[in-house]
Amino acid sequence: MQLNSKRAIVIGATSGIGRELSILLAAGGYTVGITGRRLTLLDELKNQNPESFVVSAFDVTNTKALPQNLQQLTNALQGLDLLVLSSGTGKITPSLNPGIEKYTNEVNVFGFTAVADWAINYFVKQGHGHFAAITSVAAIRGSRYAPAYNASKAYQVNYLEGLRQRLFHLKKPIYITDIRPGFVDTAMAAGNVFWMATADKAAKQILHAIKNKRKVVYIIKRWRIIAILLRLIPGFLYERM
């Protein structure tokens, strides 16, 4: 491995936005630790640019092992400047399937929290760093189609805001970027076509936001309009939608 001057970890690099963002970071001079559950897909990505990628396969829902896994990967990178959490899940559940709702929270709440806490604690001890997490426009309101997904994304948005407030009072150069996509052409989009962005386009906008240390960014940018409209809809109308 040829160690570049900047080091990043991308959690959820096996496909979609995480994979495309890993490629862009490597092209931009980062040494990238790529993680996910599917080792074969991680190895396929590493083989495209062996000098820029370090592979470590693990599952964010294994929160007990997560701190050790992240520390070992950081040690292999010989440091860490940026951690991007691109791992998430969500499914439509018309029957309120308890298994789907439980797993959604295991990934989007408990796994997310474990990663965020480790990253912020590491960066605080180090004195600098950047944590970027992919949340969702879905965080703004509840959904009858996927209650746990929207609720878990609202949790993420509020958690990131709390962390940002905490860091402000520490007065250290540690940054948090809350990335809120609409529909991106990945498996999780479930065939939606409304304002669908390609994973490559989404990754480019995300990388731009990270470089500019944006606090909150909508992907693609026009989803900010939808976010404003969703907030304006009165509750008695929204529940009828």
# chains A, B, ... in the order shown; residues from 1 in each chain; ligands from 1
>>> residues_around(residues="stretch 83-91 of chain A", least_positions_apart="4", cutoff="6 Å", atoms="only C-alpha atoms", output="list in words")
Ala8, Ile9, Val10, Ile11, Gly12, Gly18, Thr104, Asn108, Phe131, Ala132, Ala133, Ile134 and Tyr149 of chain A
>>> residues_around(residues="A:Tyr155", least_positions_apart="4", cutoff="12 Å", atoms="only C-alpha atoms", output="JSON, numbers by chain")
{"A": [105, 108, 109, 110, 112, 113, 135, 136, 138, 139, 140, 141, 142, 148, 149, 150, 151, 159, 160, 161, 162]}
>>> residues_around(residues="A:Ser52", least_positions_apart="4", cutoff="12 Å", atoms="only C-alpha atoms", output="list of chain:residue names")
A:Met1, A:Gln2, A:Leu3, A:Asn4, A:Ser5, A:Lys6, A:Arg7, A:Ala8, A:Ile9, A:Ser22, A:Ile23, A:Leu24, A:Leu25, A:Ala26, A:Ala27, A:Gly28, A:Gly29, A:Tyr30, A:Thr31, A:Val32, A:Gly33, A:Ile34, A:Leu45, A:Lys46, A:Asn47, A:Gln48, A:Leu77
>>> atom_distance(atom1="atom CA of A:Leu42", atom2="atom CA of A:Gly16")
12.4 Å
>>> residues_around(residues="A:Gly182", least_positions_apart="3", cutoff="7 Å", atoms="only C-alpha atoms", output="ChimeraX atom specification")
/A:136-137,219-220,223
>>> write_last_selection(atoms="N, CA and C atoms", output="PDB file, in the first residue's frame")
ATOM      1  N   SER A 136     -31.224  11.221   5.182  1.00  0.00           N
ATOM      2  CA  SER A 136     -32.232  11.161   4.122  1.00  0.00           C
ATOM      3  C   SER A 136     -33.200  12.329   4.237  1.00  0.00           C
ATOM      4  N   VAL A 137     -33.766  12.714   3.118  1.00  0.00           N
ATOM      5  CA  VAL A 137     -34.886  13.657   3.119  1.00  0.00           C
ATOM      6  C   VAL A 137     -36.049  13.076   3.924  1.00  0.00           C
ATOM      7  N   ILE A 219     -29.150  15.985  -1.637  1.00  0.00           N
ATOM      8  CA  ILE A 219     -28.645  15.317  -2.832  1.00  0.00           C
ATOM      9  C   ILE A 219     -29.807  14.695  -3.585  1.00  0.00           C
ATOM     10  N   ILE A 220     -30.079  15.103  -4.810  1.00  0.00           N
ATOM     11  CA  ILE A 220     -29.489  16.233  -5.512  1.00  0.00           C
ATOM     12  C   ILE A 220     -30.065  17.533  -4.949  1.00  0.00           C
ATOM     13  N   TRP A 223     -33.728  18.684  -4.010  1.00  0.00           N
ATOM     14  CA  TRP A 223     -34.510  18.071  -2.940  1.00  0.00           C
ATOM     15  C   TRP A 223     -34.693  19.000  -1.748  1.00  0.00           C
TER      16      TRP A 223
END
>>> atom_distance(atom1="atom CA of A:Ile226", atom2="atom CA of A:Lys153")
16.1 Å
>>> decode(residues="stretch 73-88 of chain A", atoms="all heavy atoms", output="PDB file, in the first residue's frame")
ATOM      1  N   LEU A  73      -8.717  -0.868  11.364  1.00  0.00           N
ATOM      2  CA  LEU A  73      -8.658  -0.320  10.013  1.00  0.00           C
ATOM      3  C   LEU A  73      -7.923   1.016  10.007  1.00  0.00           C
ATOM      4  O   LEU A  73      -7.130   1.308   9.105  1.00  0.00           O
ATOM      5  CB  LEU A  73     -10.074  -0.158   9.453  1.00  0.00           C
ATOM      6  CG  LEU A  73     -10.199   0.354   8.005  1.00  0.00           C
ATOM      7  CD1 LEU A  73      -9.365  -0.498   7.053  1.00  0.00           C
ATOM      8  CD2 LEU A  73     -11.661   0.367   7.575  1.00  0.00           C
ATOM      9  N   THR A  74      -8.171   1.830  11.022  1.00  0.00           N
ATOM     10  CA  THR A  74      -7.463   3.103  11.144  1.00  0.00           C
ATOM     11  C   THR A  74      -5.967   2.879  11.320  1.00  0.00           C
ATOM     12  O   THR A  74      -5.144   3.602  10.730  1.00  0.00           O
ATOM     13  CB  THR A  74      -8.023   3.903  12.338  1.00  0.00           C
ATOM     14  OG1 THR A  74      -9.403   4.189  12.100  1.00  0.00           O
ATOM     15  CG2 THR A  74      -7.271   5.209  12.522  1.00  0.00           C
ATOM     16  N   ASN A  75      -5.599   1.885  12.094  1.00  0.00           N
ATOM     17  CA  ASN A  75      -4.181   1.553  12.268  1.00  0.00           C
ATOM     18  C   ASN A  75      -3.558   1.136  10.938  1.00  0.00           C
ATOM     19  O   ASN A  75      -2.412   1.501  10.635  1.00  0.00           O
ATOM     20  CB  ASN A  75      -4.020   0.435  13.298  1.00  0.00           C
ATOM     21  CG  ASN A  75      -4.394   0.874  14.699  1.00  0.00           C
ATOM     22  OD1 ASN A  75      -4.483   2.066  14.986  1.00  0.00           O
ATOM     23  ND2 ASN A  75      -4.630  -0.083  15.580  1.00  0.00           N
ATOM     24  N   ALA A  76      -4.305   0.362  10.158  1.00  0.00           N
ATOM     25  CA  ALA A  76      -3.792  -0.069   8.853  1.00  0.00           C
ATOM     26  C   ALA A  76      -3.594   1.121   7.915  1.00  0.00           C
ATOM     27  O   ALA A  76      -2.675   1.127   7.087  1.00  0.00           O
ATOM     28  CB  ALA A  76      -4.753  -1.084   8.231  1.00  0.00           C
ATOM     29  N   LEU A  77      -4.451   2.129   8.053  1.00  0.00           N
ATOM     30  CA  LEU A  77      -4.335   3.346   7.241  1.00  0.00           C
ATOM     31  C   LEU A  77      -3.259   4.287   7.778  1.00  0.00           C
ATOM     32  O   LEU A  77      -2.884   5.248   7.116  1.00  0.00           O
ATOM     33  CB  LEU A  77      -5.671   4.097   7.221  1.00  0.00           C
ATOM     34  CG  LEU A  77      -6.836   3.435   6.494  1.00  0.00           C
ATOM     35  CD1 LEU A  77      -8.136   4.176   6.799  1.00  0.00           C
ATOM     36  CD2 LEU A  77      -6.590   3.399   4.997  1.00  0.00           C
ATOM     37  N   GLN A  78      -2.800   4.027   8.989  1.00  0.00           N
ATOM     38  CA  GLN A  78      -1.834   4.877   9.701  1.00  0.00           C
ATOM     39  C   GLN A  78      -2.404   6.269   9.968  1.00  0.00           C
ATOM     40  O   GLN A  78      -1.716   7.276   9.854  1.00  0.00           O
ATOM     41  CB  GLN A  78      -0.515   4.965   8.924  1.00  0.00           C
ATOM     42  CG  GLN A  78       0.176   3.620   8.739  1.00  0.00           C
ATOM     43  CD  GLN A  78       1.491   3.713   8.006  1.00  0.00           C
ATOM     44  OE1 GLN A  78       2.233   4.680   8.188  1.00  0.00           O
ATOM     45  NE2 GLN A  78       1.777   2.724   7.177  1.00  0.00           N
ATOM     46  N   GLY A  79      -3.682   6.292  10.334  1.00  0.00           N
ATOM     47  CA  GLY A  79      -4.328   7.550  10.678  1.00  0.00           C
ATOM     48  C   GLY A  79      -5.687   7.680  10.015  1.00  0.00           C
ATOM     49  O   GLY A  79      -6.075   6.849   9.202  1.00  0.00           O
ATOM     50  N   LEU A  80      -6.402   8.737  10.381  1.00  0.00           N
ATOM     51  CA  LEU A  80      -7.737   8.944   9.830  1.00  0.00           C
ATOM     52  C   LEU A  80      -8.093  10.429   9.839  1.00  0.00           C
ATOM     53  O   LEU A  80      -7.960  11.104  10.859  1.00  0.00           O
ATOM     54  CB  LEU A  80      -8.781   8.169  10.653  1.00  0.00           C
ATOM     55  CG  LEU A  80     -10.212   8.182  10.134  1.00  0.00           C
ATOM     56  CD1 LEU A  80     -10.295   7.478   8.765  1.00  0.00           C
ATOM     57  CD2 LEU A  80     -11.169   7.520  11.122  1.00  0.00           C
ATOM     58  N   ASP A  81      -8.504  10.922   8.677  1.00  0.00           N
ATOM     59  CA  ASP A  81      -8.931  12.317   8.538  1.00  0.00           C
ATOM     60  C   ASP A  81     -10.431  12.448   8.290  1.00  0.00           C
ATOM     61  O   ASP A  81     -11.037  13.451   8.661  1.00  0.00           O
ATOM     62  CB  ASP A  81      -8.186  12.979   7.373  1.00  0.00           C
ATOM     63  CG  ASP A  81      -6.684  12.895   7.538  1.00  0.00           C
ATOM     64  OD1 ASP A  81      -6.177  13.542   8.466  1.00  0.00           O
ATOM     65  OD2 ASP A  81      -6.033  12.177   6.755  1.00  0.00           O
ATOM     66  N   LEU A  82     -11.020  11.434   7.656  1.00  0.00           N
ATOM     67  CA  LEU A  82     -12.422  11.494   7.248  1.00  0.00           C
ATOM     68  C   LEU A  82     -13.063  10.130   7.410  1.00  0.00           C
ATOM     69  O   LEU A  82     -12.497   9.114   7.000  1.00  0.00           O
ATOM     70  CB  LEU A  82     -12.507  11.933   5.774  1.00  0.00           C
ATOM     71  CG  LEU A  82     -13.856  11.786   5.070  1.00  0.00           C
ATOM     72  CD1 LEU A  82     -14.887  12.768   5.638  1.00  0.00           C
ATOM     73  CD2 LEU A  82     -13.697  12.006   3.558  1.00  0.00           C
ATOM     74  N   LEU A  83     -14.245  10.105   8.026  1.00  0.00           N
ATOM     75  CA  LEU A  83     -15.034   8.872   8.078  1.00  0.00           C
ATOM     76  C   LEU A  83     -16.407   9.160   7.487  1.00  0.00           C
ATOM     77  O   LEU A  83     -17.098  10.088   7.913  1.00  0.00           O
ATOM     78  CB  LEU A  83     -15.176   8.353   9.505  1.00  0.00           C
ATOM     79  CG  LEU A  83     -15.725   6.918   9.632  1.00  0.00           C
ATOM     80  CD1 LEU A  83     -15.205   6.250  10.896  1.00  0.00           C
ATOM     81  CD2 LEU A  83     -17.248   6.882   9.630  1.00  0.00           C
ATOM     82  N   VAL A  84     -16.781   8.381   6.477  1.00  0.00           N
ATOM     83  CA  VAL A  84     -18.076   8.529   5.813  1.00  0.00           C
ATOM     84  C   VAL A  84     -18.929   7.305   6.113  1.00  0.00           C
ATOM     85  O   VAL A  84     -18.528   6.175   5.810  1.00  0.00           O
ATOM     86  CB  VAL A  84     -17.926   8.682   4.287  1.00  0.00           C
ATOM     87  CG1 VAL A  84     -19.294   8.844   3.632  1.00  0.00           C
ATOM     88  CG2 VAL A  84     -17.025   9.862   3.941  1.00  0.00           C
ATOM     89  N   LEU A  85     -20.089   7.526   6.696  1.00  0.00           N
ATOM     90  CA  LEU A  85     -21.022   6.437   6.976  1.00  0.00           C
ATOM     91  C   LEU A  85     -22.093   6.407   5.895  1.00  0.00           C
ATOM     92  O   LEU A  85     -22.989   7.239   5.851  1.00  0.00           O
ATOM     93  CB  LEU A  85     -21.667   6.622   8.352  1.00  0.00           C
ATOM     94  CG  LEU A  85     -22.711   5.587   8.763  1.00  0.00           C
ATOM     95  CD1 LEU A  85     -22.161   4.173   8.658  1.00  0.00           C
ATOM     96  CD2 LEU A  85     -23.202   5.856  10.175  1.00  0.00           C
ATOM     97  N   SER A  86     -21.946   5.441   4.991  1.00  0.00           N
ATOM     98  CA  SER A  86     -22.877   5.299   3.876  1.00  0.00           C
ATOM     99  C   SER A  86     -23.707   4.032   3.994  1.00  0.00           C
ATOM    100  O   SER A  86     -24.368   3.619   3.061  1.00  0.00           O
ATOM    101  CB  SER A  86     -22.105   5.288   2.545  1.00  0.00           C
ATOM    102  OG  SER A  86     -22.973   5.226   1.442  1.00  0.00           O
ATOM    103  N   SER A  87     -23.651   3.425   5.164  1.00  0.00           N
ATOM    104  CA  SER A  87     -24.375   2.177   5.397  1.00  0.00           C
ATOM    105  C   SER A  87     -25.738   2.475   6.000  1.00  0.00           C
ATOM    106  O   SER A  87     -25.849   3.177   7.003  1.00  0.00           O
ATOM    107  CB  SER A  87     -23.567   1.291   6.346  1.00  0.00           C
ATOM    108  OG  SER A  87     -24.273   0.116   6.660  1.00  0.00           O
ATOM    109  N   GLY A  88     -26.785   1.970   5.386  1.00  0.00           N
ATOM    110  CA  GLY A  88     -28.134   2.172   5.905  1.00  0.00           C
ATOM    111  C   GLY A  88     -29.090   1.201   5.251  1.00  0.00           C
ATOM    112  O   GLY A  88     -28.761   0.560   4.255  1.00  0.00           O
TER     113      GLY A  88
END
